[in-house]
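**Student:** One structure, pasted below without further comment.
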Amino acid sequence: MKKVLILGSTGSIGVNALSVIRKFPDRFSVAGLTVNSNISTLSEQIEEFNPEFVVINDQSKAKELAKNLNRKIKIISSENGLVEAAKKYDYDILIGAIVGFAGLSPTLEAIKRGKRIALANKETLVVAGEIVTRLVAENSAEIIPVDSEHSAIYQCLVGENLNEVEKLILTASGGPFLNKEKSFFDNATVNEALNHPNWKMGSKITIDSATMMNKGLEVIEAHWLFGLPVDKISVVIHPQSIIHSMVQFVDGSIKAQLGLPDMKLPIQYALTFPERLSNDFERTNLPLINNLTFFEPDFNKFECLKLAYQALNTGGTSPCILNAANEIAVEKFLNGDIKFSEIPKMINKALDKVENHSNPDIETIIECDKLTREFVNNLN
């Protein structure tokens, strides 16, 4: 029986993770759940999964939950609640499902304890990949990716020699604006950008899909996860989202992992690896799909993807600047403060103006993140 701590239990990944755990009550139990403020959904999760503790970022919501809960449970609500949960409590697997920079510190604490990390938080590796990978090696921890693309690559590499890999091929749906002209971006609405054709995800990651920044972050993440240089990591548009990614080897062979666009599959793989457990999830029916297409991404149209490659090539705190600027720019767009087309412009300004530091330690990364957010927040 493995105890699971879920960071972000009421989001899309968190809810899907609990769906997987529900299927295997003899294999997994819930040690803890964390949320920002959604205590309505959290209350239902507590009733069903009976965690030992919960973390609620919003202190007023924490008090409300404590008042209305009809069972004894440890409720943590403090500025460092996530770190405290990852550092002090008993669990075997941490599912990092929080979106954004906030997922970094608790993930580092879990790594220091030698835990398995089922990682859905791209930003952890994007902003601190060198530190994270070093700590994983030093503490005999595990990172098994939950992103469908990285899970696919991870599965394709089982039993293979990394020295025989010629190229990683990350697939991208192209998002809701795949067939729109770049001129459309000036007038794209929030609702249009949130209308992803294949995946149901949170708002931030859905906007990242529309700009293709999500794929840019995944390129940086893949570099650290698999230890391959940027020139061996490519992106191909695959609108059907059936092939989740591929690995091309030096002999020309290509291995691919296929499946329906369902996050429960990579979550289950990360929880059960190296085993594969039978489930009743919907199966991929290739004759029904009938058509799989691929083509090159347009770097001029999707500038965020180009900026991500540039940030990885520059190194240092450049990926941290990229990520922080993107988070604030996406927030501004979702709030109606800027146009969709201004997102890459703000990120580019931050990369140009915020100082880049080589070989940063964690304090430098945290400070860089803070300064970048302040810079982008002050842009008009």
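Here's how to read the names in the structure tokens: chain A, B, ... by the order shown, residue numbers from 1 in each chain, ligand numbers from 1 in the order shown.
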If we count only C-alpha atoms, what is near Lys23 of chain A at a cut-off of 10 Å, once residues fewer than 5 positions away on the same chain are taken out, given as a count of residues only?
**Tutor:** 6
**Student:** Which residues are near Val132 of chain A? Cut-off 10 Å, only C-alpha atoms, ignore same chain within fewer than 6 positions. Put them as number ranges by chain.
**Tutor:** A: 104, 107-108, 111-112, 124-126, 138, 143, 224-225, 362
**Student:** For those residues, write C-alpha atoms to a file as a PDB file, in the first residue's frame.
**Tutor:**
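And here's result-v5.pdb as it stands now:
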```pdb
ATOM      1  CA  LEU A 104       8.961  24.043  -6.960  1.00  0.00           C
ATOM      2  CA  THR A 107       8.834  19.186  -4.838  1.00  0.00           C
ATOM      3  CA  LEU A 108      12.416  19.894  -3.770  1.00  0.00           C
ATOM      4  CA  ILE A 111      13.166  14.928  -3.556  1.00  0.00           C
ATOM      5  CA  LYS A 112      15.416  15.503  -0.534  1.00  0.00           C
ATOM      6  CA  THR A 124       9.765  22.747 -11.476  1.00  0.00           C
ATOM      7  CA  LEU A 125      12.183  21.510 -14.130  1.00  0.00           C
ATOM      8  CA  VAL A 126      11.904  24.586 -16.330  1.00  0.00           C
ATOM      9  CA  GLU A 138      22.024  12.679  -4.570  1.00  0.00           C
ATOM     10  CA  ILE A 143      10.871  11.620 -11.122  1.00  0.00           C
ATOM     11  CA  TRP A 224      16.455  17.985 -17.955  1.00  0.00           C
ATOM     12  CA  LEU A 225      14.355  14.827 -17.653  1.00  0.00           C
ATOM     13  CA  ILE A 362      17.789  28.231  -5.501  1.00  0.00           C
TER      14      ILE A 362
END
```
**Student:** Give me, as a PyMOL selection string, all polymer residues having an atom no more than 12 Å from Ser234 of chain A, counting only C-alpha atoms and skipping those fewer than 3 positions away in the same chain.
**Tutor:** chain A and resi 166-172+215-216+218-220+222-223+228-231+237+245-248+295-297+305-306+309
**Student:** Find, counting only C-alpha atoms, the residue in A:Asn57, A:Asn356, A:Asn50, A:Ser253 that gets nearest to Leu82 of chain A.
**Tutor:**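 Of all the options, A:Asn57 lies closest to Leu82 of chain A.
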**Student:** Choose the residue, out of A:Glu84, A:Thr284, A:Ala66, A:Leu5, that has the smallest atom-to-atom separation from Glu52 of chain A; count only C-alpha atoms.
**Tutor:**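 Using only C-alpha atoms, the shortest distance to Glu52 of chain A belongs to A:Leu5.
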**Student:** I need the residues in segment 97-254 of chain A that are strand (DSSP E) according to DSSP; give them as a ChimeraX atom specification.
**Tutor:** /A:116-119,142-145,165-172,233-237,243-249,254
**Student:** Just the selected residues (N, CA, C and O atoms), exported as a compact mmCIF listing (two decimals), in the first residue's frame, please.
**Tutor:**
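Wrote it out as selection.txt, contents follow:
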```txt
# COMPACT_ATOMS: atom_id res chain seq x y z
N ARG A 116 9.25 9.23 -4.57
CA ARG A 116 8.89 9.20 -5.99
C ARG A 116 8.04 10.44 -6.27
O ARG A 116 7.07 10.71 -5.56
N ILE A 117 8.40 11.17 -7.31
CA ILE A 117 7.65 12.35 -7.73
C ILE A 117 6.95 12.02 -9.04
O ILE A 117 7.60 11.76 -10.06
N ALA A 118 5.61 12.01 -9.01
CA ALA A 118 4.83 11.92 -10.24
C ALA A 118 4.60 13.36 -10.68
O ALA A 118 3.74 14.06 -10.16
N LEU A 119 5.41 13.82 -11.63
CA LEU A 119 5.53 15.26 -11.89
C LEU A 119 4.65 15.72 -13.05
O LEU A 119 4.85 15.33 -14.19
N GLU A 142 13.01 9.60 -7.33
CA GLU A 142 12.56 9.27 -8.69
C GLU A 142 11.67 10.39 -9.21
O GLU A 142 10.83 10.90 -8.46
N ILE A 143 11.86 10.77 -10.45
CA ILE A 143 10.87 11.62 -11.12
C ILE A 143 10.30 10.83 -12.29
O ILE A 143 11.04 10.42 -13.20
N ILE A 144 9.02 10.59 -12.24
CA ILE A 144 8.33 9.95 -13.36
C ILE A 144 7.31 10.95 -13.89
O ILE A 144 6.41 11.38 -13.16
N PRO A 145 7.47 11.39 -15.13
CA PRO A 145 6.62 12.47 -15.64
C PRO A 145 5.17 12.05 -15.84
O PRO A 145 4.88 10.91 -16.23
N VAL A 165 19.98 7.30 -28.75
CA VAL A 165 18.86 8.17 -29.12
C VAL A 165 19.35 9.25 -30.06
O VAL A 165 20.30 9.97 -29.75
N GLU A 166 18.71 9.37 -31.19
CA GLU A 166 19.05 10.42 -32.15
C GLU A 166 18.21 11.67 -31.91
O GLU A 166 18.71 12.79 -32.04
N LYS A 167 16.95 11.47 -31.53
CA LYS A 167 16.06 12.63 -31.39
C LYS A 167 14.83 12.26 -30.57
O LYS A 167 14.28 11.17 -30.70
N LEU A 168 14.42 13.19 -29.70
CA LEU A 168 13.11 13.11 -29.04
C LEU A 168 12.14 13.94 -29.87
O LEU A 168 12.46 15.07 -30.27
N ILE A 169 10.96 13.41 -30.10
CA ILE A 169 9.96 14.12 -30.91
C ILE A 169 8.72 14.35 -30.05
O ILE A 169 7.94 13.42 -29.79
N LEU A 170 8.56 15.58 -29.58
CA LEU A 170 7.38 15.94 -28.79
C LEU A 170 6.24 16.30 -29.74
O LEU A 170 6.41 17.13 -30.64
N THR A 171 5.10 15.69 -29.55
CA THR A 171 3.95 16.03 -30.38
C THR A 171 3.13 17.14 -29.73
O THR A 171 3.06 17.25 -28.51
N ALA A 172 2.53 17.97 -30.56
CA ALA A 172 1.71 19.09 -30.10
C ALA A 172 0.41 19.11 -30.89
O ALA A 172 0.41 18.94 -32.10
N ILE A 233 16.02 17.63 -29.46
CA ILE A 233 14.62 17.70 -29.01
C ILE A 233 13.83 18.52 -30.01
O ILE A 233 14.08 19.71 -30.21
N SER A 234 12.88 17.88 -30.68
CA SER A 234 12.10 18.56 -31.71
C SER A 234 10.60 18.50 -31.39
O SER A 234 10.16 17.74 -30.52
N VAL A 235 9.86 19.34 -32.09
CA VAL A 235 8.40 19.40 -31.92
C VAL A 235 7.74 19.18 -33.27
O VAL A 235 8.18 19.73 -34.29
N VAL A 236 6.69 18.38 -33.28
CA VAL A 236 5.90 18.18 -34.49
C VAL A 236 4.43 18.35 -34.15
O VAL A 236 3.97 17.93 -33.08
N ILE A 237 3.70 19.03 -35.02
CA ILE A 237 2.26 19.22 -34.82
C ILE A 237 1.54 17.93 -35.20
O ILE A 237 1.75 17.38 -36.28
N ILE A 243 -0.80 10.02 -30.89
CA ILE A 243 0.60 9.73 -30.59
C ILE A 243 1.08 10.82 -29.64
O ILE A 243 1.09 12.00 -29.99
N HIS A 244 1.48 10.42 -28.44
CA HIS A 244 1.77 11.42 -27.41
C HIS A 244 3.20 11.91 -27.47
O HIS A 244 3.48 13.01 -26.97
N SER A 245 4.09 11.16 -28.03
CA SER A 245 5.45 11.58 -28.38
C SER A 245 6.20 10.38 -28.92
O SER A 245 5.71 9.25 -28.84
N MET A 246 7.40 10.64 -29.46
CA MET A 246 8.17 9.59 -30.11
C MET A 246 9.65 9.73 -29.78
O MET A 246 10.11 10.81 -29.40
N VAL A 247 10.38 8.63 -29.96
CA VAL A 247 11.84 8.64 -29.85
C VAL A 247 12.42 8.04 -31.12
O VAL A 247 12.03 6.93 -31.51
N GLN A 248 13.31 8.77 -31.75
CA GLN A 248 14.01 8.27 -32.93
C GLN A 248 15.41 7.85 -32.53
O GLN A 248 16.12 8.59 -31.84
N PHE A 249 15.81 6.65 -32.96
CA PHE A 249 17.11 6.10 -32.58
C PHE A 249 18.11 6.23 -33.72
O PHE A 249 17.73 6.55 -34.87
N ILE A 254 11.85 4.47 -35.07
CA ILE A 254 11.09 5.39 -34.23
C ILE A 254 10.12 4.59 -33.37
O ILE A 254 9.38 3.75 -33.88
```
**Student:** Hey, could you make a per-residue contact list for segment 126-175 of chain A against segment 199-213 of chain A with 10 Å as the cut-off, showing the nearest pair of atoms and its distance in Å to one decimal, counting only C-alpha atoms, sorted by chain and number, as a tab-separated table?
**Tutor:**
```
residue	atom	partner	partner_atom	distance
A:Ala172	CA	A:Met212	CA	8.1
A:Ser173	CA	A:Ser209	CA	8.2
A:Gly174	CA	A:Met212	CA	7.0
A:Gly175	CA	A:Ala210	CA	4.8
```
**Student:** Residues as selected, N, CA, C and O atoms, written as a PDB file, in the first residue's frame, can you do that?
**Tutor:**
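Dumped everything to again-v3.pdb:
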```pdb
ATOM      1  N   ALA A 172       2.527  17.966 -30.561  1.00  0.00           N
ATOM      2  CA  ALA A 172       1.706  19.090 -30.099  1.00  0.00           C
ATOM      3  C   ALA A 172       0.408  19.112 -30.885  1.00  0.00           C
ATOM      4  O   ALA A 172       0.411  18.936 -32.101  1.00  0.00           O
ATOM      5  N   SER A 173      -0.691  19.323 -30.199  1.00  0.00           N
ATOM      6  CA  SER A 173      -1.983  19.389 -30.892  1.00  0.00           C
ATOM      7  C   SER A 173      -2.078  20.619 -31.778  1.00  0.00           C
ATOM      8  O   SER A 173      -2.788  20.627 -32.777  1.00  0.00           O
ATOM      9  N   GLY A 174      -1.365  21.685 -31.409  1.00  0.00           N
ATOM     10  CA  GLY A 174      -1.496  22.960 -32.117  1.00  0.00           C
ATOM     11  C   GLY A 174      -2.496  23.876 -31.454  1.00  0.00           C
ATOM     12  O   GLY A 174      -2.582  25.060 -31.781  1.00  0.00           O
ATOM     13  N   GLY A 175      -3.275  23.315 -30.500  1.00  0.00           N
ATOM     14  CA  GLY A 175      -4.212  24.137 -29.735  1.00  0.00           C
ATOM     15  C   GLY A 175      -5.381  24.658 -30.555  1.00  0.00           C
ATOM     16  O   GLY A 175      -5.587  24.279 -31.712  1.00  0.00           O
TER      17      GLY A 175
END
```
**Student:** Which of these, A:Lys301, A:Lys115, A:Arg22, A:Arg27, has the shortest distance to Glu181 of chain A once you count only C-alpha atoms?
**Tutor:**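 Going through A:Lys301, A:Lys115, A:Arg22, A:Arg27 one by one, the smallest distance to Glu181 of chain A is for A:Lys301.
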**Student:** Pick out the closest residue to Ala308 of chain A from this set: A:Glu342, A:Ile347, A:Asn70, A:Lys88. Count only C-alpha atoms.
**Tutor:**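 Of A:Glu342, A:Ile347, A:Asn70, A:Lys88, the one nearest Ala308 of chain A is A:Ile347, counting only C-alpha atoms.
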**Student:** Within 10 Å of segment 374-379 of chain A, counting only C-alpha atoms, which residues show up once you throw out same-chain ones fewer than 4 positions away? Write them as a ChimeraX atom specification, please.
**Tutor:** /A:324-329,331-332,346-347,349-350,353-354,368-370
**Student:** For the residues selected in the previous step, produce a file with all heavy atoms as a short mmCIF file (atom, residue, chain, number, x, y, z; two decimals), in the first residue's frame.
**Tutor:**
```
data_model
loop_
_atom_site.label_atom_id
_atom_site.label_comp_id
_atom_site.auth_asym_id
_atom_site.auth_seq_id
_atom_site.Cartn_x
_atom_site.Cartn_y
_atom_site.Cartn_z
N ALA A 324 8.30 32.93 -15.49
CA ALA A 324 7.64 33.94 -14.66
C ALA A 324 6.92 34.97 -15.52
O ALA A 324 5.78 35.36 -15.23
CB ALA A 324 8.67 34.62 -13.75
N ALA A 325 7.58 35.42 -16.59
CA ALA A 325 6.95 36.39 -17.48
C ALA A 325 5.70 35.81 -18.12
O ALA A 325 4.67 36.49 -18.26
CB ALA A 325 7.96 36.81 -18.56
N ASN A 326 5.79 34.54 -18.51
CA ASN A 326 4.63 33.89 -19.13
C ASN A 326 3.47 33.79 -18.14
O ASN A 326 2.31 34.06 -18.50
CB ASN A 326 5.02 32.50 -19.63
CG ASN A 326 3.85 31.77 -20.26
OD1 ASN A 326 3.28 32.22 -21.24
ND2 ASN A 326 3.46 30.66 -19.66
N GLU A 327 3.74 33.40 -16.90
CA GLU A 327 2.67 33.28 -15.91
C GLU A 327 1.93 34.60 -15.73
O GLU A 327 0.69 34.63 -15.67
CB GLU A 327 3.23 32.78 -14.58
CG GLU A 327 3.59 31.31 -14.59
CD GLU A 327 3.90 30.77 -13.19
OE1 GLU A 327 3.42 31.35 -12.20
OE2 GLU A 327 4.61 29.75 -13.10
N ILE A 328 2.68 35.70 -15.62
CA ILE A 328 2.04 37.00 -15.42
C ILE A 328 1.31 37.45 -16.68
O ILE A 328 0.18 37.97 -16.61
CB ILE A 328 3.07 38.06 -14.99
CG1 ILE A 328 3.70 37.67 -13.65
CG2 ILE A 328 2.41 39.43 -14.86
CD1 ILE A 328 2.73 37.50 -12.51
N ALA A 329 1.92 37.24 -17.84
CA ALA A 329 1.29 37.65 -19.10
C ALA A 329 -0.01 36.88 -19.33
O ALA A 329 -1.03 37.46 -19.75
CB ALA A 329 2.25 37.44 -20.27
N GLU A 331 -1.90 35.56 -17.02
CA GLU A 331 -2.85 36.08 -16.02
C GLU A 331 -3.46 37.39 -16.51
O GLU A 331 -4.67 37.61 -16.38
CB GLU A 331 -2.10 36.31 -14.71
CG GLU A 331 -2.98 36.67 -13.52
CD GLU A 331 -2.14 36.82 -12.26
OE1 GLU A 331 -1.45 35.87 -11.87
OE2 GLU A 331 -2.17 37.94 -11.69
N LYS A 332 -2.65 38.26 -17.08
CA LYS A 332 -3.14 39.54 -17.61
C LYS A 332 -4.14 39.31 -18.75
O LYS A 332 -5.18 39.99 -18.83
CB LYS A 332 -1.96 40.39 -18.12
CG LYS A 332 -1.16 41.09 -17.02
CD LYS A 332 0.05 41.82 -17.64
CE LYS A 332 0.79 42.65 -16.60
NZ LYS A 332 0.36 44.05 -16.56
N MET A 346 5.48 40.53 -24.13
CA MET A 346 5.86 40.78 -22.74
C MET A 346 6.99 39.83 -22.31
O MET A 346 7.91 40.23 -21.59
CB MET A 346 4.65 40.62 -21.83
CG MET A 346 3.66 41.76 -21.94
SD MET A 346 2.40 41.70 -20.65
CE MET A 346 1.79 43.40 -20.70
N ILE A 347 6.89 38.59 -22.72
CA ILE A 347 7.93 37.61 -22.38
C ILE A 347 9.26 38.02 -22.99
O ILE A 347 10.31 37.97 -22.34
CB ILE A 347 7.52 36.20 -22.86
CG1 ILE A 347 6.25 35.75 -22.15
CG2 ILE A 347 8.65 35.19 -22.62
CD1 ILE A 347 5.59 34.54 -22.77
N LYS A 349 10.27 41.03 -23.79
CA LYS A 349 10.78 42.19 -23.07
C LYS A 349 11.47 41.76 -21.77
O LYS A 349 12.54 42.28 -21.41
CB LYS A 349 9.66 43.17 -22.76
CG LYS A 349 9.20 43.99 -23.96
CD LYS A 349 8.07 44.93 -23.57
CE LYS A 349 7.58 45.72 -24.79
NZ LYS A 349 6.42 46.58 -24.45
N ALA A 350 10.86 40.83 -21.06
CA ALA A 350 11.44 40.35 -19.81
C ALA A 350 12.78 39.66 -20.06
O ALA A 350 13.76 39.87 -19.34
CB ALA A 350 10.48 39.40 -19.10
N LYS A 353 15.33 42.40 -20.67
CA LYS A 353 15.63 43.41 -19.65
C LYS A 353 16.01 42.84 -18.28
O LYS A 353 16.77 43.47 -17.53
CB LYS A 353 14.41 44.33 -19.47
CG LYS A 353 14.05 45.13 -20.72
CD LYS A 353 15.15 46.11 -21.10
CE LYS A 353 14.74 46.98 -22.29
NZ LYS A 353 15.84 47.89 -22.71
N VAL A 354 15.48 41.67 -17.91
CA VAL A 354 15.78 41.11 -16.58
C VAL A 354 17.13 40.41 -16.66
O VAL A 354 17.39 39.63 -17.57
CB VAL A 354 14.68 40.12 -16.12
CG1 VAL A 354 15.04 39.54 -14.75
CG2 VAL A 354 13.33 40.83 -16.05
N CYS A 368 15.05 35.86 -8.94
CA CYS A 368 14.83 36.12 -10.37
C CYS A 368 13.34 36.03 -10.71
O CYS A 368 12.80 36.87 -11.44
CB CYS A 368 15.64 35.14 -11.20
SG CYS A 368 15.37 35.30 -12.97
N ASP A 369 12.69 35.03 -10.17
CA ASP A 369 11.25 34.86 -10.39
C ASP A 369 10.50 36.10 -9.88
O ASP A 369 9.62 36.64 -10.57
CB ASP A 369 10.77 33.60 -9.66
CG ASP A 369 9.28 33.39 -9.76
OD1 ASP A 369 8.82 32.88 -10.79
OD2 ASP A 369 8.56 33.77 -8.80
N LYS A 370 10.84 36.55 -8.69
CA LYS A 370 10.19 37.71 -8.08
C LYS A 370 10.39 38.97 -8.92
O LYS A 370 9.44 39.71 -9.22
CB LYS A 370 10.74 37.92 -6.67
CG LYS A 370 10.18 39.14 -5.95
CD LYS A 370 10.90 39.35 -4.62
CE LYS A 370 10.49 40.67 -3.99
NZ LYS A 370 11.30 40.98 -2.79
#
```
**Student:** Do a neighbour search on Ser40 of chain A at 12 Å with only C-alpha atoms, toss out local chain neighbours closer than 4 positions, and write the hits as a VMD selection string.
**Tutor:** chain A and resid 9 to 10 35 to 36 44 to 47 56 61 to 62 64 to 65 68 to 69
**Student:** Which residue out of A:Ala120, A:Leu94, A:Ile343, A:Ile153 has the minimum interatomic distance to Phe185 of chain A when only C-alpha atoms are used?
**Tutor:**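 Under the stated criterion, the closest residue is A:Ile343.
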**Student:** Mind checking which residues fall within 12 Å of Pro25 of chain A, counting only C-alpha atoms, ignoring those fewer than 4 positions away in the same chain, and posting them as a ChimeraX atom specification?
**Tutor:** /A:1-4,18-21,29-30,48-49
**Student:** Using atom CA of Phe281 of chain A and atom CA of Gly100 of chain A as the two end points, give the distance in Å to one decimal.
**Tutor:**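 We find that atom CA of Phe281 of chain A and atom CA of Gly100 of chain A lie 28.8 Å from each other.
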**Student:** Would you work out the distance separating atom CA of Ala270 of chain A from atom CA of His238 of chain A, expressed in Å to one decimal?
**Tutor:**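 If I compute the distance from atom CA of Ala270 of chain A to atom CA of His238 of chain A, I get 23.8 Å.
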**Student:** Quick one, how far is atom CA of Val55 of chain A from atom CA of Asn214 of chain A?
**Tutor:** 27.2 Å
